[in-house]
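Printed here is target.cif (mmCIF, N, CA and C atoms):
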data_work
#
loop_
_atom_site.group_PDB
_atom_site.id
_atom_site.type_symbol
_atom_site.label_atom_id
_atom_site.label_comp_id
_atom_site.auth_asym_id
_atom_site.auth_seq_id
_atom_site.Cartn_x
_atom_site.Cartn_y
_atom_site.Cartn_z
ATOM 1 N N MET A 1134 241.747 49.094 147.761
ATOM 2 C CA MET A 1134 241.580 50.337 147.030
ATOM 3 C C MET A 1134 242.925 51.040 146.924
ATOM 4 N N LYS A 1135 243.137 51.679 145.794
ATOM 5 C CA LYS A 1135 244.360 52.447 145.619
ATOM 6 C C LYS A 1135 244.283 53.724 146.440
ATOM 7 N N ALA A 1136 245.391 54.095 147.011
ATOM 8 C CA ALA A 1136 245.436 55.319 147.814
ATOM 9 C C ALA A 1136 245.614 56.529 146.907
ATOM 10 N N GLY A 1137 244.907 57.609 147.241
ATOM 11 C CA GLY A 1137 245.110 58.881 146.540
ATOM 12 C C GLY A 1137 244.287 59.096 145.289
ATOM 13 N N ILE A 1138 243.491 58.111 144.839
ATOM 14 C CA ILE A 1138 242.725 58.324 143.611
ATOM 15 C C ILE A 1138 241.235 58.544 143.872
ATOM 16 N N HIS A 1139 240.778 58.312 145.099
ATOM 17 C CA HIS A 1139 239.367 58.429 145.408
ATOM 18 C C HIS A 1139 239.059 59.794 146.031
ATOM 19 N N PRO A 1140 237.902 60.386 145.702
ATOM 20 C CA PRO A 1140 237.558 61.681 146.291
ATOM 21 C C PRO A 1140 237.197 61.540 147.770
ATOM 22 N N LYS A 1141 237.275 62.653 148.477
ATOM 23 C CA LYS A 1141 236.900 62.662 149.900
ATOM 24 C C LYS A 1141 235.397 62.492 150.026
ATOM 25 N N TYR A 1142 234.951 61.855 151.085
ATOM 26 C CA TYR A 1142 233.542 61.548 151.325
ATOM 27 C C TYR A 1142 233.128 62.269 152.598
ATOM 28 N N PHE A 1143 232.176 63.221 152.494
ATOM 29 C CA PHE A 1143 231.802 64.079 153.606
ATOM 30 C C PHE A 1143 230.379 63.804 154.076
ATOM 31 N N ASP A 1144 230.088 64.192 155.333
ATOM 32 C CA ASP A 1144 228.708 64.304 155.786
ATOM 33 C C ASP A 1144 228.155 65.564 155.141
ATOM 34 N N THR A 1145 227.011 65.441 154.482
ATOM 35 C CA THR A 1145 226.481 66.517 153.657
ATOM 36 C C THR A 1145 225.057 66.849 154.057
ATOM 37 N N THR A 1146 224.680 68.109 153.901
ATOM 38 C CA THR A 1146 223.289 68.506 154.057
ATOM 39 C C THR A 1146 222.784 68.993 152.710
ATOM 40 N N ILE A 1147 221.659 68.445 152.296
ATOM 41 C CA ILE A 1147 221.008 68.876 151.060
ATOM 42 C C ILE A 1147 219.858 69.770 151.477
ATOM 43 N N THR A 1148 219.867 71.014 151.003
ATOM 44 C CA THR A 1148 218.852 71.986 151.376
ATOM 45 C C THR A 1148 218.017 72.333 150.147
ATOM 46 N N CYS A 1149 216.695 72.213 150.284
ATOM 47 C CA CYS A 1149 215.777 72.531 149.196
ATOM 48 C C CYS A 1149 215.293 73.971 149.343
ATOM 49 N N ALA A 1150 214.803 74.532 148.258
ATOM 50 C CA ALA A 1150 214.253 75.885 148.285
ATOM 51 C C ALA A 1150 213.015 75.968 149.169
ATOM 52 N N CYS A 1151 212.314 74.845 149.361
ATOM 53 C CA CYS A 1151 211.117 74.839 150.213
ATOM 54 C C CYS A 1151 211.480 74.807 151.697
ATOM 55 N N GLY A 1152 212.751 74.573 152.017
ATOM 56 C CA GLY A 1152 213.191 74.549 153.404
ATOM 57 C C GLY A 1152 213.474 73.161 153.933
ATOM 58 N N ASN A 1153 213.198 72.143 153.158
ATOM 59 C CA ASN A 1153 213.458 70.767 153.575
ATOM 60 C C ASN A 1153 214.962 70.517 153.616
ATOM 61 N N VAL A 1154 215.437 69.876 154.679
ATOM 62 C CA VAL A 1154 216.859 69.577 154.839
ATOM 63 C C VAL A 1154 217.024 68.072 154.956
ATOM 64 N N ILE A 1155 217.948 67.521 154.157
ATOM 65 C CA ILE A 1155 218.230 66.090 154.160
ATOM 66 C C ILE A 1155 219.701 65.907 154.504
ATOM 67 N N HIS A 1156 219.982 65.038 155.472
ATOM 68 C CA HIS A 1156 221.359 64.753 155.864
ATOM 69 C C HIS A 1156 221.774 63.428 155.238
ATOM 70 N N THR A 1157 222.920 63.442 154.553
ATOM 71 C CA THR A 1157 223.424 62.241 153.886
ATOM 72 C C THR A 1157 224.937 62.347 153.762
ATOM 73 N N ARG A 1158 225.526 61.501 152.943
ATOM 74 C CA ARG A 1158 226.973 61.561 152.694
ATOM 75 C C ARG A 1158 227.202 61.704 151.202
ATOM 76 N N SER A 1159 228.200 62.504 150.836
ATOM 77 C CA SER A 1159 228.482 62.747 149.435
ATOM 78 C C SER A 1159 229.902 63.266 149.288
ATOM 79 N N THR A 1160 230.341 63.397 148.033
ATOM 80 C CA THR A 1160 231.652 63.973 147.769
ATOM 81 C C THR A 1160 231.589 65.501 147.731
ATOM 82 N N ALA A 1161 230.376 66.075 147.738
ATOM 83 C CA ALA A 1161 230.199 67.525 147.792
ATOM 84 C C ALA A 1161 229.852 67.916 149.224
ATOM 85 N N LYS A 1162 230.321 69.080 149.669
ATOM 86 C CA LYS A 1162 230.088 69.505 151.055
ATOM 87 C C LYS A 1162 228.615 69.800 151.306
ATOM 88 N N ASP A 1163 228.090 70.866 150.738
ATOM 89 C CA ASP A 1163 226.694 71.254 150.917
ATOM 90 C C ASP A 1163 226.046 71.398 149.550
ATOM 91 N N ILE A 1164 224.828 70.891 149.425
ATOM 92 C CA ILE A 1164 224.123 70.905 148.146
ATOM 93 C C ILE A 1164 222.818 71.674 148.327
ATOM 94 N N HIS A 1165 222.541 72.597 147.411
ATOM 95 C CA HIS A 1165 221.295 73.356 147.413
ATOM 96 C C HIS A 1165 220.521 72.990 146.158
ATOM 97 N N VAL A 1166 219.258 72.565 146.321
ATOM 98 C CA VAL A 1166 218.429 72.166 145.190
ATOM 99 C C VAL A 1166 217.163 73.018 145.159
ATOM 100 N N GLU A 1167 216.538 73.079 143.992
ATOM 101 C CA GLU A 1167 215.326 73.877 143.825
ATOM 102 C C GLU A 1167 214.070 73.097 144.176
ATOM 103 N N ILE A 1168 214.108 71.790 143.992
ATOM 104 C CA ILE A 1168 212.918 70.975 144.226
ATOM 105 C C ILE A 1168 213.346 69.627 144.797
ATOM 106 N N CYS A 1169 212.543 69.116 145.736
ATOM 107 C CA CYS A 1169 212.882 67.844 146.381
ATOM 108 C C CYS A 1169 211.644 66.956 146.418
ATOM 109 N N SER A 1170 211.776 65.801 147.039
ATOM 110 C CA SER A 1170 210.647 64.871 147.096
ATOM 111 C C SER A 1170 209.517 65.386 147.985
ATOM 112 N N ALA A 1171 209.795 66.321 148.868
ATOM 113 C CA ALA A 1171 208.756 66.866 149.743
ATOM 114 C C ALA A 1171 207.892 67.904 149.035
ATOM 115 N N CYS A 1172 208.417 68.538 147.980
ATOM 116 C CA CYS A 1172 207.645 69.590 147.312
ATOM 117 C C CYS A 1172 207.399 69.306 145.831
ATOM 118 N N HIS A 1173 207.928 68.216 145.293
ATOM 119 C CA HIS A 1173 207.726 67.892 143.883
ATOM 120 C C HIS A 1173 206.292 67.401 143.660
ATOM 121 N N PRO A 1174 205.603 67.920 142.635
ATOM 122 C CA PRO A 1174 204.202 67.539 142.398
ATOM 123 C C PRO A 1174 203.994 66.040 142.177
ATOM 124 N N PHE A 1175 204.945 65.349 141.609
ATOM 125 C CA PHE A 1175 204.791 63.922 141.368
ATOM 126 C C PHE A 1175 204.711 63.150 142.678
ATOM 127 N N TYR A 1176 205.529 63.517 143.651
ATOM 128 C CA TYR A 1176 205.574 62.795 144.916
ATOM 129 C C TYR A 1176 204.526 63.264 145.909
ATOM 130 N N THR A 1177 204.033 64.500 145.774
ATOM 131 C CA THR A 1177 203.044 65.016 146.718
ATOM 132 C C THR A 1177 201.618 64.695 146.301
ATOM 133 N N GLY A 1178 201.428 64.205 145.076
ATOM 134 C CA GLY A 1178 200.096 63.858 144.605
ATOM 135 C C GLY A 1178 199.348 65.028 143.996
ATOM 136 N N LYS A 1179 200.012 66.138 143.770
ATOM 137 C CA LYS A 1179 199.372 67.316 143.194
ATOM 138 C C LYS A 1179 199.583 67.397 141.685
ATOM 139 N N ARG A 1180 200.115 66.346 141.107
ATOM 140 C CA ARG A 1180 200.398 66.329 139.677
ATOM 141 C C ARG A 1180 199.099 66.308 138.895
ATOM 142 N N LYS A 1181 199.055 67.101 137.851
ATOM 143 C CA LYS A 1181 197.890 67.121 136.986
ATOM 144 C C LYS A 1181 198.155 66.164 135.823
ATOM 145 N N THR A 1182 197.248 65.249 135.624
ATOM 146 C CA THR A 1182 197.409 64.313 134.522
ATOM 147 C C THR A 1182 196.595 64.800 133.338
ATOM 148 N N ALA A 1183 197.222 64.847 132.210
ATOM 149 C CA ALA A 1183 196.537 65.272 130.996
ATOM 150 C C ALA A 1183 195.786 64.078 130.420
ATOM 151 N N ALA A 1184 194.562 64.297 130.044
ATOM 152 C CA ALA A 1184 193.757 63.245 129.436
ATOM 153 C C ALA A 1184 194.127 63.174 127.960
ATOM 154 N N ALA A 1185 195.110 62.398 127.650
ATOM 155 C CA ALA A 1185 195.597 62.282 126.279
ATOM 156 C C ALA A 1185 194.881 61.138 125.584
ATOM 157 N N SER A 1186 194.299 61.441 124.463
ATOM 158 C CA SER A 1186 193.652 60.378 123.695
ATOM 159 C C SER A 1186 194.644 59.827 122.688
ATOM 160 N N GLY A 1187 194.429 58.593 122.304
ATOM 161 C CA GLY A 1187 195.339 57.941 121.383
ATOM 162 C C GLY A 1187 195.102 58.342 119.942
ATOM 163 N N ARG A 1188 195.934 57.850 119.058
ATOM 164 C CA ARG A 1188 195.849 58.187 117.636
ATOM 165 C C ARG A 1188 194.553 57.676 117.015
ATOM 166 N N VAL A 1189 194.151 56.472 117.394
ATOM 167 C CA VAL A 1189 192.943 55.882 116.817
ATOM 168 C C VAL A 1189 191.718 56.702 117.213
ATOM 169 N N GLU A 1190 191.642 57.077 118.488
ATOM 170 C CA GLU A 1190 190.499 57.869 118.950
ATOM 171 C C GLU A 1190 190.454 59.225 118.251
ATOM 172 N N LYS A 1191 191.603 59.845 118.064
ATOM 173 C CA LYS A 1191 191.649 61.134 117.365
ATOM 174 C C LYS A 1191 191.164 60.985 115.917
ATOM 175 N N PHE A 1192 191.598 59.907 115.254
ATOM 176 C CA PHE A 1192 191.192 59.671 113.872
ATOM 177 C C PHE A 1192 189.687 59.466 113.781
ATOM 178 N N LYS A 1193 189.153 58.633 114.691
ATOM 179 C CA LYS A 1193 187.717 58.366 114.681
ATOM 180 C C LYS A 1193 186.914 59.631 114.953
ATOM 181 N N LYS A 1194 187.371 60.440 115.832
ATOM 182 C CA LYS A 1194 186.666 61.684 116.141
ATOM 183 C C LYS A 1194 186.758 62.664 114.976
ATOM 184 N N LYS A 1195 187.928 62.759 114.358
ATOM 185 C CA LYS A 1195 188.127 63.709 113.263
ATOM 186 C C LYS A 1195 187.294 63.346 112.047
ATOM 187 N N TYR A 1196 187.229 62.071 111.697
ATOM 188 C CA TYR A 1196 186.532 61.634 110.493
ATOM 189 C C TYR A 1196 185.152 61.027 110.791
ATOM 190 N N ASN A 1197 184.727 61.126 112.050
ATOM 191 C CA ASN A 1197 183.413 60.657 112.466
ATOM 192 C C ASN A 1197 183.192 59.193 112.102
ATOM 193 N N VAL A 1198 184.178 58.380 112.397
ATOM 194 C CA VAL A 1198 184.124 56.944 112.122
ATOM 195 C C VAL A 1198 183.732 56.230 113.402
ATOM 196 N N LYS A 1199 182.897 55.194 113.266
ATOM 197 C CA LYS A 1199 182.455 54.451 114.437
ATOM 198 C C LYS A 1199 183.269 53.222 114.655
#
This structure in structure tokens:
Amino acid sequence: MKAGIHPKYFDTTITCACGNVIHTRSTAKDIHVEICSACHPFYTGKRKTAAASGRVEKFKKKYNVK
């Protein structure tokens, strides 16, 4: 590796708004995030799935086609 062209690599703490703290390494000292894997609805299973119907079903319903 060339000397002097790479950024410094620090021990870092990532702090979420929910209070979750993750220790890792990064080029940034301390990172503050609004949402993490502990509070994100996708990862916690609280995600609401929309029952989206397809184009064909919408057409059949709109024009009363069987």
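One distance worth recording is that between atom CA of A:Ala1171 and atom CA of A:His1156, which is 14.2 Å.
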Using all atoms listed in the file, determine which residues lie at most 8 Å from stretch 1147-1155 of chain A, disregarding the query and same-chain residues fewer than 6 positions distant; provide the list as an NGL selection string.
:A and (1162-1169 or 1171-1172)
Got a sec to tell me which of chain A DSSP assigns to strand (DSSP E), as a PDB file with N, CA and C atoms, keeping the file's coordinate frame?
ATOM      1  N   PHE A1143     232.176  63.221 152.494  1.00  0.00           N
ATOM      2  CA  PHE A1143     231.802  64.079 153.606  1.00  0.00           C
ATOM      3  C   PHE A1143     230.379  63.804 154.076  1.00  0.00           C
ATOM      4  N   ASP A1144     230.088  64.192 155.333  1.00  0.00           N
ATOM      5  CA  ASP A1144     228.708  64.304 155.786  1.00  0.00           C
ATOM      6  C   ASP A1144     228.155  65.564 155.141  1.00  0.00           C
ATOM      7  N   THR A1145     227.011  65.441 154.482  1.00  0.00           N
ATOM      8  CA  THR A1145     226.481  66.517 153.657  1.00  0.00           C
ATOM      9  C   THR A1145     225.057  66.849 154.057  1.00  0.00           C
ATOM     10  N   THR A1146     224.680  68.109 153.901  1.00  0.00           N
ATOM     11  CA  THR A1146     223.289  68.506 154.057  1.00  0.00           C
ATOM     12  C   THR A1146     222.784  68.993 152.710  1.00  0.00           C
ATOM     13  N   ILE A1147     221.659  68.445 152.296  1.00  0.00           N
ATOM     14  CA  ILE A1147     221.008  68.876 151.060  1.00  0.00           C
ATOM     15  C   ILE A1147     219.858  69.770 151.477  1.00  0.00           C
ATOM     16  N   THR A1148     219.867  71.014 151.003  1.00  0.00           N
ATOM     17  CA  THR A1148     218.852  71.986 151.376  1.00  0.00           C
ATOM     18  C   THR A1148     218.017  72.333 150.147  1.00  0.00           C
ATOM     19  N   CYS A1149     216.695  72.213 150.284  1.00  0.00           N
ATOM     20  CA  CYS A1149     215.777  72.531 149.196  1.00  0.00           C
ATOM     21  C   CYS A1149     215.293  73.971 149.343  1.00  0.00           C
ATOM     22  N   VAL A1154     215.437  69.876 154.679  1.00  0.00           N
ATOM     23  CA  VAL A1154     216.859  69.577 154.839  1.00  0.00           C
ATOM     24  C   VAL A1154     217.024  68.072 154.956  1.00  0.00           C
ATOM     25  N   ILE A1155     217.948  67.521 154.157  1.00  0.00           N
ATOM     26  CA  ILE A1155     218.230  66.090 154.160  1.00  0.00           C
ATOM     27  C   ILE A1155     219.701  65.907 154.504  1.00  0.00           C
ATOM     28  N   HIS A1156     219.982  65.038 155.472  1.00  0.00           N
ATOM     29  CA  HIS A1156     221.359  64.753 155.864  1.00  0.00           C
ATOM     30  C   HIS A1156     221.774  63.428 155.238  1.00  0.00           C
ATOM     31  N   THR A1157     222.920  63.442 154.553  1.00  0.00           N
ATOM     32  CA  THR A1157     223.424  62.241 153.886  1.00  0.00           C
ATOM     33  C   THR A1157     224.937  62.347 153.762  1.00  0.00           C
ATOM     34  N   ARG A1158     225.526  61.501 152.943  1.00  0.00           N
ATOM     35  CA  ARG A1158     226.973  61.561 152.694  1.00  0.00           C
ATOM     36  C   ARG A1158     227.202  61.704 151.202  1.00  0.00           C
ATOM     37  N   SER A1159     228.200  62.504 150.836  1.00  0.00           N
ATOM     38  CA  SER A1159     228.482  62.747 149.435  1.00  0.00           C
ATOM     39  C   SER A1159     229.902  63.266 149.288  1.00  0.00           C
ATOM     40  N   ASP A1163     228.090  70.866 150.738  1.00  0.00           N
ATOM     41  CA  ASP A1163     226.694  71.254 150.917  1.00  0.00           C
ATOM     42  C   ASP A1163     226.046  71.398 149.550  1.00  0.00           C
ATOM     43  N   ILE A1164     224.828  70.891 149.425  1.00  0.00           N
ATOM     44  CA  ILE A1164     224.123  70.905 148.146  1.00  0.00           C
ATOM     45  C   ILE A1164     222.818  71.674 148.327  1.00  0.00           C
ATOM     46  N   HIS A1165     222.541  72.597 147.411  1.00  0.00           N
ATOM     47  CA  HIS A1165     221.295  73.356 147.413  1.00  0.00           C
ATOM     48  C   HIS A1165     220.521  72.990 146.158  1.00  0.00           C
ATOM     49  N   VAL A1166     219.258  72.565 146.321  1.00  0.00           N
ATOM     50  CA  VAL A1166     218.429  72.166 145.190  1.00  0.00           C
ATOM     51  C   VAL A1166     217.163  73.018 145.159  1.00  0.00           C
TER      52      VAL A1166
END
Report the residues of chain A whose backbone DSSP state falls under helix (DSSP H, G or I), written as an MDAnalysis selection string.
chainID A and resid 1174:1177 1188:1196
Computed interatomic separation between atom CA of A:Ala1136 and atom N of A:Thr1157 (Å)
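Those two atoms sit 24.9 Å apart.
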